[in-house]
Amino acid sequence: MTHIVVVGSINMDLVTLAARFPAPGETLLGERFLTVPGGKGANQAIAAARLGAEVALVGAVGDDTFGRQLRQGLHEAGIELSHTRQLAKGHTGSASITVAGGENQILVVPGANAQVTPAQVARARSLIERADVVLVQMEIPLDTVEATVRLGHRLGVPVILNPAPAQRLPPAWLQLASYVTPNQHELAILLDADPQEDFRALMQRVPCPVVLTRGREGAWYRRHGEPVHQPGYAVDVVDSTGAGDTFNAALAVFLAEGLPQAVRKACAAAALSVGKLGAQGGMPQRAELEAWLASHDSEAGGR
């Protein structure tokens, strides 16, 4: 069984469905409101567990209703939580999400996620030593992201750095990461580059392997120094929230099969995830993914 450690955020998502996004200063009536578990760290942990991995999560929640609900849900999903803190002070992170036409707009309030520290990562060293892959994102403090990448590199454990929300990062961090997984917008910010520049040229400037997500178009990665395209899968989109997290989790789970196969399965898992509402709602089980791939390979050009 693949062992994954996720270092990242845990949020409660406050989701509003609407016919369209409001313009600045405009008030619209929404169609539906619901609260669903989220946060990039928790999402990636849930997705990896559903794909058959043994998963531990390093993170934090508040000692409030949302925090208790989220911990219970993660526990029931089989996530190991010995290094997930429940803080007596402060509130659980939240994300206000508007979904319209299958797209989303998201505003995140970090809450307890801002108190995930480098010391907490250091205390999880024994977990990270035993991991096959570590996943880390950027809804937690940057010094904690750096500590995770450096510790994984020092221990010889592959680290997938998902640079979202996007910020420019020091090249030294990127040299220590095993893979970085931006979308095109995040890649430009990562390099402080012109977003209109050809993304394949930008990929060549990153000092570690890049797996670039392109939504419906699939993904690109470098092989023998050259960009390679993995086509996407045609699906009806209900809610794209969590598709990137599903992609990253699948990439980590299947990385041992080789990068081309891992990217292919990650694209398929992400496509499956957008068919239901909520970041975690459509994340597939492993058997579901394998069966779906067997019947949909022709849509993405096969292997």
# chains A, B, ... in the order shown; residues from 1 in each chain; ligands from 1
>>> residues_around(residues="Gln261 of chain A", least_positions_apart="6", cutoff="10 Å", atoms="only C-alpha atoms", output="VMD selection string")
chain A and resid 230 251 254 to 255 267 303
>>> closest_residue(among="A:Asp239, A:Glu217, A:Glu146, A:Asp63", to="Val99 of chain A", atoms="only C-alpha atoms")
A:Asp239
>>> residues_around(residues="Leu293 of chain A", least_positions_apart="3", cutoff="9 Å", atoms="only C-alpha atoms", output="PyMOL selection string")
chain A and resi 265+268-269+288-290+296-297
>>> write_last_selection(atoms="C-alpha atoms", output="PDB file, in the first residue's frame")
ATOM      1  CA  LYS A 265      -4.638   8.464 -14.011  1.00  0.00           C
ATOM      2  CA  ALA A 268      -8.960  10.738 -15.249  1.00  0.00           C
ATOM      3  CA  ALA A 269      -9.480  11.094 -11.485  1.00  0.00           C
ATOM      4  CA  GLU A 288     -14.307   3.322  -9.803  1.00  0.00           C
ATOM      5  CA  LEU A 289     -11.325   5.071 -11.408  1.00  0.00           C
ATOM      6  CA  GLU A 290      -9.892   1.875 -12.875  1.00  0.00           C
ATOM      7  CA  HIS A 296     -12.873   5.975 -21.531  1.00  0.00           C
ATOM      8  CA  ASP A 297      -9.298   5.603 -22.777  1.00  0.00           C
TER       9      ASP A 297
END
>>> atom_distance(atom1="atom CA of Phe66 of chain A", atom2="atom CA of Ala95 of chain A")
11.9 Å
>>> residues_around(residues="segment 100-112 of chain A", least_positions_apart="5", cutoff="10 Å", atoms="only C-alpha atoms", output="PyMOL selection string")
chain A and resi 9-22+30-31+39+59-63+67+85-95+139-141+165+236-241+274-275+277
>>> select_by_dssp(residues="segment 73-224 of chain A", states="strand (DSSP E or B)", output="ChimeraX atom specification")
/A:80,84-87,93-100,103-109,133-136,159-161,179-180,183,210-213,219-223
>>> residues_around(residues="Leu127 of chain A", least_positions_apart="3", cutoff="12 Å", atoms="only C-alpha atoms", output="list in words")
His3, Ile4, Val5, Val6, Val7, Glu54, Val55, Ala56, Leu57, Val58, Glu80, Leu81, Ser82, His83, Gln120, Val121, Ala122, Arg123, Ala124, Arg130, Ala131, Asp132, Val133, Val134, Thr148, Leu151, Gly152, Leu155 and Val157 of chain A
>>> residues_around(residues="Cys208 of chain A", least_positions_apart="5", cutoff="9 Å", atoms="only C-alpha atoms", output="ChimeraX atom specification")
/A:174-180
>>> residues_around(residues="Thr144 of chain A", least_positions_apart="3", cutoff="6 Å", atoms="only C-alpha atoms", output="PyMOL selection string")
chain A and resi 117-118+141+147
>>> write_last_selection(atoms="N, CA and C atoms", output="short mmCIF file (atom, residue, chain, number, x, y, z; two decimals), in the first residue's frame")
data_model
loop_
_atom_site.label_atom_id
_atom_site.label_comp_id
_atom_site.auth_asym_id
_atom_site.auth_seq_id
_atom_site.Cartn_x
_atom_site.Cartn_y
_atom_site.Cartn_z
N THR A 117 2.87 24.92 11.76
CA THR A 117 4.21 25.48 11.91
C THR A 117 5.31 24.52 11.43
N PRO A 118 6.51 25.07 11.17
CA PRO A 118 7.66 24.19 10.88
C PRO A 118 7.94 23.20 12.01
N PRO A 141 1.34 28.57 6.18
CA PRO A 141 2.45 29.53 6.10
C PRO A 141 3.59 29.04 5.22
N ALA A 147 9.81 24.22 5.15
CA ALA A 147 10.28 23.19 6.07
C ALA A 147 9.90 21.80 5.56
#
>>> atom_distance(atom1="atom CA of Thr84 of chain A", atom2="atom CA of Thr65 of chain A")
16.0 Å
>>> closest_residue(among="A:Phe199, A:Gly244, A:Val116, A:Val136", to="Ala279 of chain A", atoms="only C-alpha atoms")
A:Gly244
>>> select_by_dssp(residues="segment 14-67 of chain A", states="alpha helix (DSSP H)", output="VMD selection string")
chain A and resid 40 to 50 65 to 67
>>> atom_distance(atom1="atom CA of Pro207 of chain A", atom2="atom CA of Ala172 of chain A")
8.5 Å
